[in-house]
Amino acid sequence: MAGEKIIARSSLKNWNTGDAIPYRILGSDIQAVEFLLKEGDNLIFQPNTFLCSAGGIEAINISWGRRLADPLLRSWAGEQGILQSVMCTNGSALVVIGGHTVGKIVAVPISPNRSFICHRGSFLAGIGN
């Protein structure tokens with residue numbers, strides 16, 4: 001039901017709550033990530049990684065990026081040209097996304113002054129606009 005509380009934020013045992021959106025990594029060989037969104041939260045992820053959702057998600061959107069050249073630059077680097085996104089529009093929502101291959105999902109904190117290089121195809125999801 002839209003608008004109902006999926007999980008009370010006070011009962012987030014075994015969830016990583018240090019970031020803007022609480023999440024937890026599920027599984028061992030083929031892993032998935034479960035996100036708990038509140039109204040207004042936006043989650044961006046690779047195409048074909050969305051597994052399921054419950055709650056205040058109305059649609060999966062296509063994200064081209066902030067600049068006109070973003071899809072071209074991502075394609076040139078060997079990534080998908082477009083990204084997908086969901087926004088929680090009503091109450092709270094639970095969203096689960098999973099990787100394409102066997103491997104370990106690792107959360108990497110990002111800040112404006114920290115750069116890192118990822119292997120092609122390693123980006124799974126991010127939060128924000």
# chains A, B, ... in the order shown; residues from 1 in each chain; ligands from 1
$ residues_around --residues "region 85-89 of chain A" --least-positions-apart "2" --cutoff "12 Å" --atoms "only C-alpha atoms" --output "ChimeraX atom specification"
/A:2-4,21,35-50,52-65,82-83,91-97,124-129
$ residues_around --residues "Asp29 (chain A)" --least-positions-apart "6" --cutoff "9 Å" --atoms "only C-alpha atoms" --output "list in words"
Val102, Gly103 and Lys104 of chain A
$ select_by_dssp --residues "chain A" --states "alpha helix (DSSP H)" --output "list in words"
Asp70, Pro71, Leu72, Leu73, Arg74, Ser75 and Trp76 of chain A
$ closest_residue --among "A:Val33, A:Asn113, A:Ser28, A:Pro71" --to "Trp15 (chain A)" --atoms "only C-alpha atoms"
A:Val33
$ residues_around --residues "His119 (chain A)" --least-positions-apart "6" --cutoff "12 Å" --atoms "only C-alpha atoms" --output "count of residues only"
3
$ atom_distance --atom1 "CA of Ile105 (chain A)" --atom2 "CA of Gln31 (chain A)"
6.6 Å
$ residues_around --residues "Ala32 (chain A)" --least-positions-apart "5" --cutoff "9 Å" --atoms "only C-alpha atoms" --output "list in words"
Arg24, Ile25, Leu26, Gly27, Leu51, Val96, Ile97, Gly98, Gly99 and Ile105 of chain A
$ select_by_dssp --residues "chain A" --states "strand (DSSP E or B)" --output "ChimeraX atom specification"
/A:16,23-26,30,32-38,42-45,50-63,83-98,103,125-127
$ closest_residue --among "A:Ala107, A:Leu68, A:Thr101, A:Ile30" --to "Asn16 (chain A)" --atoms "only C-alpha atoms"
A:Ala107
